[in-house]
Structures are given as structure tokens and as C-alpha cells.
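**Q** One structure, as C-alpha cells, below. Some questions next.
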Amino acid sequence: MLKARFLTAIVLAPLALVVLFLFPKDWFLLVIDGVLLLGAWEWSRLSGLKGVKDKAFFIVTVALALVLLHQFEAVLPVTALLTAGLLFWVLALVWVIRYPSTSGWAPVGVRVLMGYAVLLPVWIAFGELKSWGLSTELILMLLLLVWAADVGAYFTGKSLGKNKLAPSVSPGKTREGLYGGLLSCVLVGLGFSFWFELDVQSLVYLVLLSVVTGMISVLGDLFESMLKRHQGMKDSSQLLPGHGGILDRMDSLTAAAPLFVLGVQFVTLN
């Protein structure tokens with residue numbers, strides 16, 4: 001398992017860097033399209049859809065939504081749409097905290113609708129970031145924050161973890177792991193603050209934004225874990241050997257991206 005995980009990472013990491021650093025915006029967004037459509041296929045399973053036609057209908061509607069986002073990108077009310085996406089994650093937090101006593105999210109139709117709220121804001125967030133002058137640095141920062149929260153939590157939890165974070169949803173996660181992941185996010189925030197040559201006030205803000213982004217990325221992970229537990233699934237799919245599915249790799253990002261884009265626009269970057 002570890003070998004497969006390592007080999008997959010060796011292949012995917014360079015590809016991700018090529019897409020980030022070398023692809024123009026149009027090509028970059030086409031890659032995001034492909035990733036989200038694979039995520040839509042996995043979500044059709046997470047949502048409890050059974051028939052091939054029902055799953056295909058969901059995937060096709062996501063594809064049509066992506067076409068519309070491309071078509072009307074220039075006039076999208078980005079802030080309003082990302083704020084709506086963020087409000088969904090507030091509701092998701094309530095569901096995760098109250099699991100398993102709350103089941104309003106459990107009906108198949110509700111989970112299908114949640115798929116649009118989870119997947120489409122990711123495209124809007126990356127499309128907005130890619131249109132900014134420092135798009136490469138900011139997208140890299142977002143990715144590093146998500147990875148830092150995950151890796152920091154893993155190693156801290158393994159070595160120091162004692163107190164469960166959300167045992168009903170994800171028994172392996174600990175509070176100590178959360179703190180370790182957030183500390184890693186602080187380091188990422190500090191690193192980019194110095195890179196951007198921020199003044200003290202902006203530095204403090206960006207570090208705080210980094211911590212909050214790390215926190216909500218954990219929520220994205222827990223939310224998908226809740227859905228998988230309800231559906232009796234270990235992974236969203238087996239597309240990525242050793243890693244599970246696309247959603248298993250981007251669940252944290254689906255929650256973090258809208259908040260990060262909304263927050264970082266208040267920092268003047270050099």
C-alpha cells in the first residue's frame with residue numbers, strides 16, 4: 001500500500017506542477033474540468049445513486065454546469081457564489097459535529113444536491129485565482145496549506161495523538177494531529193508572507209487566514225468521511241493506487257478553496 005501510494009505521488013506531483021506553472025488559464029481550467037468530472041462520478045456513488053442512468057444524469061448535469069461557467073466566467077458574481085459555497089460548509093460543520101444524531105443530509109436527493117455545492121465552487125475559486133497577477137503563487141499557497149494541514153496532522157497524530165477529534169466520523173483523527181496540521185499552516189503562511197514582503201499587519205492577517213484555511217480543509221476531509229461511513233465505503237473509488245479516489249485527494253480542497261479566495265483578496269500582495 002505504501003509503495004503504491006509513493007509511486008502514485010511521484011507521478012502525480014510533477015504533473016500537478018506542470019499544470020500549475022506551465023499551462024495557460026484556458027488549459028488549466030480544462031484540467032480542472034476533468035478532475036471535477038471524475039469527482040462527479042465518485043460523488044454519484046457517495047450520494048447513493050444506484051442506476052447507471054441516474055449516475056450518468058448527475059455527471060452530465062455537472063458537465064453542463066461547467067460549460068456554463070466557462071461561457072459566463074467574465075460576468076460571474078464570484079464573491080456571491082463563493083460566499084454561498086462557504087455557507088454550505090457552515091451547514092456541513094453542523095452535520096459533522098452532530099453526526100450520527102442528525103440525518104437531514106442522508107436522503108439521496110439531498111446528497112446529490114450537495115454534490116453541486118461541493119464541486120462547482122472549486123472551479124469558480126480556481127478560475128478566480130488564475131485571473132490574478134500572482135495566480136501561480138496563490139494557487140501554490142492554497143495547495144501547500146491543504147497539504148500541510150494533512151501531512152502535519154498525520155505525523156503529529158501518529159506520534160502524539162491521544163484525544164479523538166471526531167470519533168464518530170473519523171476515528172483515526174486526533175486533536176493533537178489537528179494542532180500539528182495548523183502549526184504547519186502557520187509556517188506556510190509565514191513563508192509566503194515573507195515571499196510577498198508583507199508589512200506586519202498583513203503578515204498577521206495572512207497567517208490567520210492560513211490557519212482558518214487549514215481548519216476548514218479538515219472539515220472537508222471529515223465531511224467526506226461522514227458520507228463514506230454512511231455509504232459503507234472505505235474510499236471514494238480506486239482511481240489512484242494507494243490513495244483511493246479523486247475526492248479522497250481533493251476533499252479538503254473543496255472546502256478550503258472558496259474560503260481562501262474570499263479571504264486573500266483583502267491582502268495587498270507584492
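Chain lettering (A, B, ...) mirrors the order of the C-alpha cells, residue numbering begins at 1 for each chain separately, and ligand numbering begins at 1 in order of display.
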For segment 70-86 of chain A, find every residue with an atom within 7 Å (counting only C-alpha atoms), except residues of its own chain fewer than 3 positions away, and show them as a list in words.
**A**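 Those residues are Leu66, Val67, Trp89, Val90, Ala117, Pro121, Ile124, Pro258, Leu259 and Leu262 of chain A.
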**Q** Where does segment 99-143 of chain A meet segment 29-35 of chain A within 12 Å, residue by residue, with the nearest atom pair and distance in Å to one decimal for each, counting only C-alpha atoms, listed by chain and rising number, as CSV?
**A**
```
residue,atom,partner,partner_atom,distance
A:Leu119,CA,A:Val35,CA,9.9
A:Leu120,CA,A:Asp33,CA,9.7
A:Pro121,CA,A:Ile32,CA,11.5
A:Val122,CA,A:Ile32,CA,8.6
A:Trp123,CA,A:Ile32,CA,6.7
A:Ile124,CA,A:Leu29,CA,9.7
A:Ala125,CA,A:Leu29,CA,10.8
A:Phe126,CA,A:Leu29,CA,7.8
A:Gly127,CA,A:Leu29,CA,6.8
A:Glu128,CA,A:Leu29,CA,10.6
A:Leu129,CA,A:Leu29,CA,11.0
A:Lys130,CA,A:Leu29,CA,8.7
A:Ser131,CA,A:Leu29,CA,11.0
```
**Q** What gap, in Å, lies between atom CA of Gly133 of chain A and atom CA of Ser202 of chain A?
**A** 18.1 Å
**Q** Enumerate, in order of chain and increasing residue number, the residues of segment 127-221 of chain A with an atom no farther than 8 Å from segment 242-257 of chain A, each with its shortest atom pair and distance in Å to one decimal, counting only C-alpha atoms, as a Markdown table.
**A**
```
| residue | atom | partner | partner_atom | distance |
| --- | --- | --- | --- | --- |
| A:Leu142 | CA | A:Ala257 | CA | 7.1 |
| A:Leu143 | CA | A:Leu253 | CA | 7.7 |
| A:Val146 | CA | A:Leu253 | CA | 6.5 |
| A:Thr213 | CA | A:Ala256 | CA | 5.4 |
| A:Gly214 | CA | A:Ala256 | CA | 7.2 |
| A:Ile216 | CA | A:Ala256 | CA | 5.7 |
| A:Ser217 | CA | A:Ser252 | CA | 4.1 |
| A:Val218 | CA | A:Ser252 | CA | 6.0 |
| A:Leu219 | CA | A:Ser252 | CA | 7.0 |
| A:Gly220 | CA | A:Ser252 | CA | 4.4 |
| A:Asp221 | CA | A:Ser252 | CA | 5.0 |
```
**Q** Segment 168-264 of chain A: which residues are helix (DSSP H, G or I) by DSSP, as an MDAnalysis selection string?
**A** chainID A and resid 175:195 200:231 246:264
**Q** Rank nothing, just name the residue among A:Met233, A:Phe223, A:Leu198, A:Gly189 nearest to Leu140 of chain A, using only C-alpha atoms.
**A**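 Of the candidates, the smallest distance to Leu140 of chain A is held by A:Gly189.
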**Q** Step one, run DSSP on the backbone; step two, keep only residues of segment 87-257 of chain A assigned to strand (DSSP E); then write them as a compact mmCIF listing (two decimals) with C-alpha atoms, in the first residue's frame.
**A**
```txt
# COMPACT_ATOMS: atom_id res chain seq x y z
CA LYS A 164 -10.03 11.83 19.29
CA LEU A 165 -11.18 14.76 17.17
CA ALA A 166 -14.39 13.31 15.71
CA SER A 170 -13.17 9.57 11.53
CA PRO A 171 -11.75 7.60 14.47
CA GLY A 172 -8.16 8.00 13.31
CA LYS A 173 -8.06 11.79 13.61
CA THR A 174 -6.92 13.39 16.87
```
**Q** Would you list the contacts of Phe194 of chain A as a ChimeraX atom specification, taking every protein, DNA or RNA residue within 12 Å and counting only C-alpha atoms, but skipping same-chain residues closer than 4 positions in sequence?
**A** /A:187-190,198-200,202-204,206-207,269-270
**Q** To one decimal place, how far is atom CA of Val60 of chain A from atom CA of Ser135 of chain A in Å?
**A** 29.4 Å
